[in-house]
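So this block is protein-v2.pdb, PDB, C-alpha atoms and all ligand atoms:
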```pdb
ATOM      1  CA  MET A 239      91.890  79.328  90.535  1.00  0.00           C
ATOM      2  CA  GLU A 240      93.787  80.132  93.735  1.00  0.00           C
ATOM      3  CA  MET A 241      97.248  79.163  92.477  1.00  0.00           C
ATOM      4  CA  LYS A 242     100.202  78.504  94.739  1.00  0.00           C
ATOM      5  CA  SER A 243     101.890  81.657  93.538  1.00  0.00           C
ATOM      6  CA  PHE A 244      98.852  83.694  94.578  1.00  0.00           C
ATOM      7  CA  SER A 245      99.309  82.704  98.218  1.00  0.00           C
ATOM      8  CA  LYS A 246     102.960  83.724  97.888  1.00  0.00           C
ATOM      9  CA  TYR A 247     101.851  87.146  96.581  1.00  0.00           C
ATOM     10  CA  ARG A 248      99.316  87.478  99.386  1.00  0.00           C
ATOM     11  CA  LYS A 249     101.954  86.678 102.040  1.00  0.00           C
ATOM     12  CA  ARG A 250     104.244  89.284 100.525  1.00  0.00           C
ATOM     13  CA  ALA A 251     101.503  91.958 100.490  1.00  0.00           C
ATOM     14  CA  LEU A 252     100.265  91.236 104.002  1.00  0.00           C
ATOM     15  CA  SER A 253     103.782  91.344 105.463  1.00  0.00           C
ATOM     16  CA  LEU A 254     103.690  95.111 104.783  1.00  0.00           C
ATOM     17  CA  VAL A 255     100.717  96.022 106.978  1.00  0.00           C
ATOM     18  CA  LYS A 256     100.692  97.569 110.442  1.00  0.00           C
ATOM     19  CA  GLY A 257      98.386  99.312 112.924  1.00  0.00           C
ATOM     20  CA  LYS A 258      94.739  99.878 112.062  1.00  0.00           C
ATOM     21  CA  VAL A 259      94.115  98.199 108.714  1.00  0.00           C
ATOM     22  CA  LEU A 260      91.259  98.483 106.224  1.00  0.00           C
ATOM     23  CA  GLU A 261      90.913  95.685 103.687  1.00  0.00           C
ATOM     24  CA  ILE A 262      88.800  96.768 100.726  1.00  0.00           C
ATOM     25  CA  GLY A 263      86.823  93.993  99.009  1.00  0.00           C
ATOM     26  CA  VAL A 264      87.740  91.309 101.526  1.00  0.00           C
ATOM     27  CA  GLY A 265      85.841  88.677  99.494  1.00  0.00           C
ATOM     28  CA  THR A 266      85.829  85.239 101.113  1.00  0.00           C
ATOM     29  CA  GLY A 267      88.703  86.282 103.386  1.00  0.00           C
ATOM     30  CA  LYS A 268      91.574  84.612 101.549  1.00  0.00           C
ATOM     31  CA  ASN A 269      94.019  87.105 103.065  1.00  0.00           C
ATOM     32  CA  LEU A 270      92.919  86.530 106.655  1.00  0.00           C
ATOM     33  CA  PRO A 271      95.475  83.781 107.452  1.00  0.00           C
ATOM     34  CA  TYR A 272      98.351  86.076 106.468  1.00  0.00           C
ATOM     35  CA  TYR A 273      97.735  89.082 108.729  1.00  0.00           C
ATOM     36  CA  PRO A 274     100.238  89.648 111.527  1.00  0.00           C
ATOM     37  CA  GLU A 275      98.698  89.070 114.992  1.00  0.00           C
ATOM     38  CA  ASP A 276      99.300  92.596 116.272  1.00  0.00           C
ATOM     39  CA  VAL A 277      97.108  94.476 113.765  1.00  0.00           C
ATOM     40  CA  GLU A 278      93.445  95.488 113.972  1.00  0.00           C
ATOM     41  CA  VAL A 279      91.654  94.696 110.708  1.00  0.00           C
ATOM     42  CA  ILE A 280      88.367  95.941 109.283  1.00  0.00           C
ATOM     43  CA  GLY A 281      87.406  94.079 106.119  1.00  0.00           C
ATOM     44  CA  ILE A 282      84.636  95.466 103.912  1.00  0.00           C
ATOM     45  CA  ASP A 283      82.788  94.086 100.922  1.00  0.00           C
ATOM     46  CA  PHE A 284      79.553  95.013  99.138  1.00  0.00           C
ATOM     47  CA  SER A 285      78.624  91.352  98.649  1.00  0.00           C
ATOM     48  CA  GLN A 286      76.789  89.769 101.593  1.00  0.00           C
ATOM     49  CA  GLU A 287      77.513  86.330 100.163  1.00  0.00           C
ATOM     50  CA  MET A 288      81.262  86.941 100.187  1.00  0.00           C
ATOM     51  CA  LEU A 289      81.091  88.380 103.691  1.00  0.00           C
ATOM     52  CA  LYS A 290      79.276  85.295 104.963  1.00  0.00           C
ATOM     53  CA  LYS A 291      82.124  83.089 103.720  1.00  0.00           C
ATOM     54  CA  ALA A 292      84.727  85.475 105.137  1.00  0.00           C
ATOM     55  CA  GLU A 293      82.976  85.377 108.508  1.00  0.00           C
ATOM     56  CA  GLU A 294      83.084  81.555 108.483  1.00  0.00           C
ATOM     57  CA  ARG A 295      86.802  81.693 107.735  1.00  0.00           C
ATOM     58  CA  ARG A 296      87.373  84.338 110.444  1.00  0.00           C
ATOM     59  CA  LYS A 297      85.657  82.129 113.038  1.00  0.00           C
ATOM     60  CA  LYS A 298      87.532  79.012 111.915  1.00  0.00           C
ATOM     61  CA  LEU A 299      90.837  80.854 112.275  1.00  0.00           C
ATOM     62  CA  GLY A 300      89.762  82.262 115.663  1.00  0.00           C
ATOM     63  CA  LEU A 301      90.612  85.843 114.712  1.00  0.00           C
ATOM     64  CA  ASP A 302      89.325  88.342 117.291  1.00  0.00           C
ATOM     65  CA  ASN A 303      91.226  91.223 115.721  1.00  0.00           C
ATOM     66  CA  VAL A 304      89.165  91.138 112.494  1.00  0.00           C
ATOM     67  CA  THR A 305      85.788  92.848 111.950  1.00  0.00           C
ATOM     68  CA  LEU A 306      83.834  92.364 108.731  1.00  0.00           C
ATOM     69  CA  LEU A 307      81.404  95.019 107.485  1.00  0.00           C
ATOM     70  CA  HIS A 308      78.991  95.388 104.593  1.00  0.00           C
ATOM     71  CA  MET A 309      80.091  98.523 102.761  1.00  0.00           C
ATOM     72  CA  ASP A 310      80.687  99.968  99.307  1.00  0.00           C
ATOM     73  CA  ALA A 311      84.274 100.947  98.548  1.00  0.00           C
ATOM     74  CA  GLN A 312      82.916 103.833  96.475  1.00  0.00           C
ATOM     75  CA  SER A 313      81.401 105.509  99.560  1.00  0.00           C
ATOM     76  CA  LEU A 314      83.257 104.427 102.682  1.00  0.00           C
ATOM     77  CA  GLU A 315      81.562 105.119 106.008  1.00  0.00           C
ATOM     78  CA  PHE A 316      84.755 106.177 107.799  1.00  0.00           C
ATOM     79  CA  GLU A 317      86.164 109.559 108.805  1.00  0.00           C
ATOM     80  CA  ASP A 318      89.035 111.049 106.811  1.00  0.00           C
ATOM     81  CA  ASP A 319      92.531 109.891 107.860  1.00  0.00           C
ATOM     82  CA  THR A 320      91.377 106.813 109.844  1.00  0.00           C
ATOM     83  CA  PHE A 321      93.677 103.947 108.796  1.00  0.00           C
ATOM     84  CA  ASP A 322      97.427 103.276 109.066  1.00  0.00           C
ATOM     85  CA  THR A 323      97.281 100.739 106.235  1.00  0.00           C
ATOM     86  CA  ILE A 324      94.865  99.962 103.436  1.00  0.00           C
ATOM     87  CA  VAL A 325      94.990  96.688 101.552  1.00  0.00           C
ATOM     88  CA  SER A 326      93.320  95.612  98.341  1.00  0.00           C
ATOM     89  CA  THR A 327      93.995  92.344  96.558  1.00  0.00           C
ATOM     90  CA  PHE A 328      92.411  91.746  93.151  1.00  0.00           C
ATOM     91  CA  VAL A 329      89.627  94.247  93.856  1.00  0.00           C
ATOM     92  CA  PHE A 330      90.003  97.361  91.723  1.00  0.00           C
ATOM     93  CA  CYS A 331      89.497  95.267  88.567  1.00  0.00           C
ATOM     94  CA  THR A 332      85.872  94.855  89.714  1.00  0.00           C
ATOM     95  CA  VAL A 333      84.930  98.049  91.610  1.00  0.00           C
ATOM     96  CA  PRO A 334      82.397  99.635  89.219  1.00  0.00           C
ATOM     97  CA  ASP A 335      83.805 103.185  89.508  1.00  0.00           C
ATOM     98  CA  LEU A 336      87.537 102.668  89.879  1.00  0.00           C
ATOM     99  CA  ILE A 337      88.423 106.347  90.415  1.00  0.00           C
ATOM    100  CA  LYS A 338      85.686 106.874  92.988  1.00  0.00           C
ATOM    101  CA  GLY A 339      86.859 103.797  94.921  1.00  0.00           C
ATOM    102  CA  LEU A 340      90.500 104.882  94.819  1.00  0.00           C
ATOM    103  CA  LYS A 341      89.661 108.436  95.924  1.00  0.00           C
ATOM    104  CA  GLU A 342      87.678 107.065  98.865  1.00  0.00           C
ATOM    105  CA  THR A 343      90.616 104.808  99.749  1.00  0.00           C
ATOM    106  CA  TYR A 344      92.927 107.831  99.679  1.00  0.00           C
ATOM    107  CA  ARG A 345      90.548 109.861 101.853  1.00  0.00           C
ATOM    108  CA  VAL A 346      90.419 107.358 104.720  1.00  0.00           C
ATOM    109  CA  LEU A 347      94.178 106.665 104.782  1.00  0.00           C
ATOM    110  CA  LYS A 348      96.152 108.630 107.397  1.00  0.00           C
ATOM    111  CA  PRO A 349      98.773 111.056 106.056  1.00  0.00           C
ATOM    112  CA  GLY A 350     101.998 109.050 106.029  1.00  0.00           C
ATOM    113  CA  GLY A 351      99.987 105.814 106.008  1.00  0.00           C
ATOM    114  CA  ARG A 352     100.583 103.045 103.516  1.00  0.00           C
ATOM    115  CA  ALA A 353      98.350 101.537 100.850  1.00  0.00           C
ATOM    116  CA  VAL A 354      99.197  98.066  99.572  1.00  0.00           C
ATOM    117  CA  PHE A 355      97.612  97.154  96.264  1.00  0.00           C
ATOM    118  CA  LEU A 356      98.018  93.640  94.860  1.00  0.00           C
ATOM    119  CA  GLU A 357      96.197  93.977  91.570  1.00  0.00           C
ATOM    120  CA  HIS A 358      96.150  92.737  88.000  1.00  0.00           C
ATOM    121  CA  MET A 359      95.983  95.324  85.237  1.00  0.00           C
ATOM    122  CA  LYS A 360      96.728  96.183  81.636  1.00  0.00           C
ATOM    123  CA  SER A 361     100.376  95.677  80.703  1.00  0.00           C
ATOM    124  CA  GLU A 362     102.700  98.294  79.188  1.00  0.00           C
ATOM    125  CA  SER A 363     103.513  95.697  76.511  1.00  0.00           C
ATOM    126  CA  ARG A 364     101.249  95.522  73.455  1.00  0.00           C
ATOM    127  CA  LEU A 365     102.166  91.876  73.021  1.00  0.00           C
ATOM    128  CA  LEU A 366     101.202  90.915  76.565  1.00  0.00           C
ATOM    129  CA  ASN A 367      97.940  92.800  76.164  1.00  0.00           C
ATOM    130  CA  VAL A 368      96.820  90.597  73.250  1.00  0.00           C
ATOM    131  CA  PRO A 369      95.622  87.692  75.461  1.00  0.00           C
ATOM    132  CA  LEU A 370      94.113  90.193  77.898  1.00  0.00           C
ATOM    133  CA  TYR A 371      92.016  91.757  75.107  1.00  0.00           C
ATOM    134  CA  LEU A 372      90.926  88.250  74.072  1.00  0.00           C
ATOM    135  CA  MET A 373      89.939  87.340  77.636  1.00  0.00           C
ATOM    136  CA  GLU A 374      88.163  90.635  78.347  1.00  0.00           C
ATOM    137  CA  PRO A 375      84.673  89.808  76.959  1.00  0.00           C
ATOM    138  CA  PHE A 376      84.588  86.583  78.994  1.00  0.00           C
ATOM    139  CA  THR A 377      85.955  87.972  82.255  1.00  0.00           C
ATOM    140  CA  ARG A 378      83.604  90.958  82.022  1.00  0.00           C
ATOM    141  CA  THR A 379      80.528  88.839  81.325  1.00  0.00           C
ATOM    142  CA  LEU A 380      81.263  85.829  83.529  1.00  0.00           C
ATOM    143  CA  LEU A 381      83.264  87.327  86.392  1.00  0.00           C
ATOM    144  CA  GLY A 382      82.384  91.039  86.252  1.00  0.00           C
ATOM    145  CA  THR A 383      86.067  91.860  86.149  1.00  0.00           C
ATOM    146  CA  SER A 384      88.211  93.770  83.655  1.00  0.00           C
ATOM    147  CA  MET A 385      91.672  92.661  82.518  1.00  0.00           C
ATOM    148  CA  LEU A 386      92.431  96.036  80.960  1.00  0.00           C
ATOM    149  CA  ARG A 387      92.209  98.634  83.706  1.00  0.00           C
ATOM    150  CA  GLU A 388      95.087 101.063  84.111  1.00  0.00           C
ATOM    151  CA  THR A 389      95.075 100.686  87.864  1.00  0.00           C
ATOM    152  CA  GLN A 390      98.562 102.027  88.619  1.00  0.00           C
ATOM    153  CA  LYS A 391      97.935 105.229  86.647  1.00  0.00           C
ATOM    154  CA  ASN A 392      94.616 105.672  88.416  1.00  0.00           C
ATOM    155  CA  ILE A 393      96.196 105.119  91.839  1.00  0.00           C
ATOM    156  CA  GLU A 394      98.433 108.100  91.048  1.00  0.00           C
ATOM    157  CA  LYS A 395      95.503 110.131  89.705  1.00  0.00           C
ATOM    158  CA  ALA A 396      93.641 109.536  92.985  1.00  0.00           C
ATOM    159  CA  GLY A 397      96.490 111.355  94.787  1.00  0.00           C
ATOM    160  CA  PHE A 398      98.711 108.532  96.060  1.00  0.00           C
ATOM    161  CA  LYS A 399     102.498 108.799  95.899  1.00  0.00           C
ATOM    162  CA  ILE A 400     103.879 105.506  94.600  1.00  0.00           C
ATOM    163  CA  GLU A 401     106.655 104.242  96.868  1.00  0.00           C
ATOM    164  CA  ARG A 402     107.500 101.136  94.893  1.00  0.00           C
ATOM    165  CA  VAL A 403     106.157  98.689  92.362  1.00  0.00           C
ATOM    166  CA  GLU A 404     107.024  94.997  92.157  1.00  0.00           C
ATOM    167  CA  ASN A 405     106.039  93.201  88.967  1.00  0.00           C
ATOM    168  CA  LEU A 406     104.982  89.746  90.165  1.00  0.00           C
ATOM    169  CA  PHE A 407     103.665  88.244  86.940  1.00  0.00           C
ATOM    170  CA  TYR A 408     105.245  90.293  84.123  1.00  0.00           C
ATOM    171  CA  ASP A 409     103.694  93.732  84.720  1.00  0.00           C
ATOM    172  CA  ILE A 410     100.195  92.256  84.689  1.00  0.00           C
ATOM    173  CA  VAL A 411     100.117  91.402  88.390  1.00  0.00           C
ATOM    174  CA  ARG A 412     101.761  94.177  90.402  1.00  0.00           C
ATOM    175  CA  LEU A 413     102.340  94.831  94.069  1.00  0.00           C
ATOM    176  CA  ILE A 414     102.067  98.599  94.420  1.00  0.00           C
ATOM    177  CA  VAL A 415     103.029 100.255  97.693  1.00  0.00           C
ATOM    178  CA  ALA A 416     101.817 103.834  97.943  1.00  0.00           C
ATOM    179  CA  THR A 417     101.580 106.601 100.541  1.00  0.00           C
ATOM    180  CA  LYS A 418      99.434 109.672 101.180  1.00  0.00           C
TER     181      LYS A 418
HETATM  182  C1  LIG B 501      88.000  89.170  92.764  1.00  0.00           C
HETATM  183  S1  LIG B 501      87.314  89.374  94.357  1.00  0.00           S
HETATM  184  C2  LIG B 501      88.778  89.446  95.383  1.00  0.00           C
HETATM  185  C3  LIG B 501      88.468  89.121  96.813  1.00  0.00           C
HETATM  186  C4  LIG B 501      89.673  89.174  97.767  1.00  0.00           C
HETATM  187  N1  LIG B 501      90.206  90.502  97.887  1.00  0.00           N
HETATM  188  C5  LIG B 501      90.739  88.207  97.357  1.00  0.00           C
HETATM  189  O1  LIG B 501      91.881  88.624  97.120  1.00  0.00           O
HETATM  190  O2  LIG B 501      90.442  87.002  97.282  1.00  0.00           O
HETATM  191  C6  LIG B 501      86.764  91.070  94.348  1.00  0.00           C
HETATM  192  C7  LIG B 501      85.968  91.444  95.589  1.00  0.00           C
HETATM  193  O3  LIG B 501      85.751  92.858  95.589  1.00  0.00           O
HETATM  194  C8  LIG B 501      84.423  93.094  96.013  1.00  0.00           C
HETATM  195  N2  LIG B 501      84.007  94.409  95.514  1.00  0.00           N
HETATM  196  C9  LIG B 501      83.946  94.820  94.231  1.00  0.00           C
HETATM  197  N3  LIG B 501      83.511  96.088  94.158  1.00  0.00           N
HETATM  198  C10 LIG B 501      83.298  96.491  95.447  1.00  0.00           C
HETATM  199  C11 LIG B 501      82.824  97.692  96.028  1.00  0.00           C
HETATM  200  N4  LIG B 501      82.476  98.733  95.285  1.00  0.00           N
HETATM  201  N5  LIG B 501      82.736  97.763  97.368  1.00  0.00           N
HETATM  202  C12 LIG B 501      83.080  96.694  98.144  1.00  0.00           C
HETATM  203  N6  LIG B 501      83.512  95.526  97.651  1.00  0.00           N
HETATM  204  C13 LIG B 501      83.616  95.426  96.317  1.00  0.00           C
HETATM  205  C14 LIG B 501      83.621  91.943  95.415  1.00  0.00           C
HETATM  206  O4  LIG B 501      82.388  91.756  96.058  1.00  0.00           O
HETATM  207  C15 LIG B 501      84.591  90.780  95.638  1.00  0.00           C
HETATM  208  O5  LIG B 501      84.407  90.183  96.899  1.00  0.00           O
END
```
Encoded form (structure tokens):
Amino acid sequence: MEMKSFSKYRKRALSLVKGKVLEIGVGTGKNLPYYPEDVEVIGIDFSQEMLKKAEERRKKLGLDNVTLLHMDAQSLEFEDDTFDTIVSTFVFCTVPDLIKGLKETYRVLKPGGRAVFLEHMKSESRLLNVPLYLMEPFTRTLLGTSMLRETQKNIEKAGFKIERVENLFYDIVRLIVATK
């Protein structure tokens, strides 16, 4: 399901990172090819299976600046204010406790640091939400993901200041840049 436009969105998101970067829910490492060379990346995921695939991709790409760790986004094993940039792409639709995960993300970001969220979420349009409501039982059961989370609102609730929002596919897929 990795459409061409998704790689375009990934490139766009990853062009905004710098310094010491934490990628939450790195999955199979689909973002790895898009990181700039001069950043240090820690990618975490709570699925060992996903991490195994990400590690294969990391090796194939010869990336020495990327470390992959088994960790739960809801209880990150890092000190407060550790990272210059935090990235999540299509993750907070699946993190079981969205608020807990976002609060942890906020905690480990340095003051003045940047969080880059590329996420799908519930639309502001009732009409656009109709297909999302129809898809919800299937995505929840088969993929463990929700189409109807109010991720942007929850990013704000977790304490982040939203710097800008780009609607990439209507307002269902959004690139949200936020600071601490
Ligand atoms: C839909 S995949 C997206 C993977 C990747 N970010 C991408 O863009 O291709 C969601 C990923 O988030 C991970 N994930 C979900 N909840 C998590 C949690 N609480 N802690 C760490 N990883 C989590 C899943 O294991 C999965 O790899």
**Asked** atom N1 of ligand LIG 501 (chain B) to CA of Gly265 (chain A): how many Å, to one decimal?
**Response** 5.0 Å
**Request:** Produce as a ChimeraX atom specification the set of residues near ligand LIG 501 (chain B), where near means within 10 Å with only C-alpha atoms and all ligand atoms considered.
**Result:** /A:240,244-245,248,261-270,281-289,292,307-314,325-336,338-339,356-357,381-383
**Request:** Please write the residues picked by the PyMOL selection byres (((chain A and resi 350) around 7) and not hetatm) on this file as a ChimeraX atom specification.
**Result:** /A:348-349,351-352,417-418
For the selection you just gave me, I'd like the residues written to a file as a PDB file, in the coordinates of the input, keeping C-alpha atoms.
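Generated output (out_37.pdb):
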```pdb
ATOM      1  CA  LYS A 348      96.152 108.630 107.397  1.00  0.00           C
ATOM      2  CA  PRO A 349      98.773 111.056 106.056  1.00  0.00           C
ATOM      3  CA  GLY A 351      99.987 105.814 106.008  1.00  0.00           C
ATOM      4  CA  ARG A 352     100.583 103.045 103.516  1.00  0.00           C
ATOM      5  CA  THR A 417     101.580 106.601 100.541  1.00  0.00           C
ATOM      6  CA  LYS A 418      99.434 109.672 101.180  1.00  0.00           C
TER       7      LYS A 418
END
```
**Message:** For a quick check of understanding, using all atoms listed in the file, which of A:Met359, A:Val346, A:Ile393, A:Ile337 has the smallest distance to Phe407 (chain A)?
**Reply:**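 That would be A:Met359, the residue with the smallest distance to Phe407 (chain A).
Distances to Asp322 (chain A) were evaluated for A:Gly257, A:Ala251, A:Ser363, A:Asp276 using only C-alpha atoms, and the minimum falls at A:Gly257.
Taking CA of Lys297 (chain A) and CA of Leu252 (chain A) as endpoints, the distance between them is 19.4 Å.
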**Prompt:** In Å to one decimal, how far is CA of Phe316 (chain A) from CA of Gly397 (chain A)?
**Reply:**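 Going from CA of Gly397 (chain A) over to CA of Phe316 (chain A), I get 18.3 Å.
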Specify the axis-aligned box that encloses all atoms of region 242-248 of chain A listed in the file after padding of 6 Å on each side, stating its centre and edge lengths in Å to one decimal as lines of an AutoDock Vina configuration file.
```
center_x = 100.9
center_y = 83.0
center_z = 96.5
size_x = 16.1
size_y = 21.0
size_z = 17.8
```
**Request:** I need the residue set behind the PyMOL selection byres (((chain A and resi 278) around 12) and not hetatm) for this file; please write it as a ChimeraX atom specification.
**Result:** /A:255-261,270,273-277,279-281,301-306,321-324
**Item:** Pick from A:Glu394, A:Asp409, A:Glu342, A:Glu404, whichever lies nearest to Asn367 (chain A) using all atoms listed in the file
**Value:**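 Between A:Glu394, A:Asp409, A:Glu342, A:Glu404, the residue approaching Asn367 (chain A) most closely is A:Asp409.
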**Asked** What residues come out when you apply the PyMOL selection byres (((chain A and resi 386) around 9) and not hetatm) to this file, written as an NGL selection string?
**Response** :A and (331 or 358-361 or 367 or 370-371 or 374 or 384-385 or 387-389)
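With all atoms listed in the file as the atoms that count, the minimum distance from Val354 (chain A) to the choices A:Lys291, A:Lys298, A:Lys246, A:Arg402 is reached by A:Arg402.
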**Asked** Out of A:Ala353, A:Leu340, A:Leu347, A:Leu372, which residue has the shortest atom-to-atom distance to Val403 (chain A) when counting only C-alpha atoms?
**Response**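 Selected residue with least distance to Val403 (chain A): A:Ala353.
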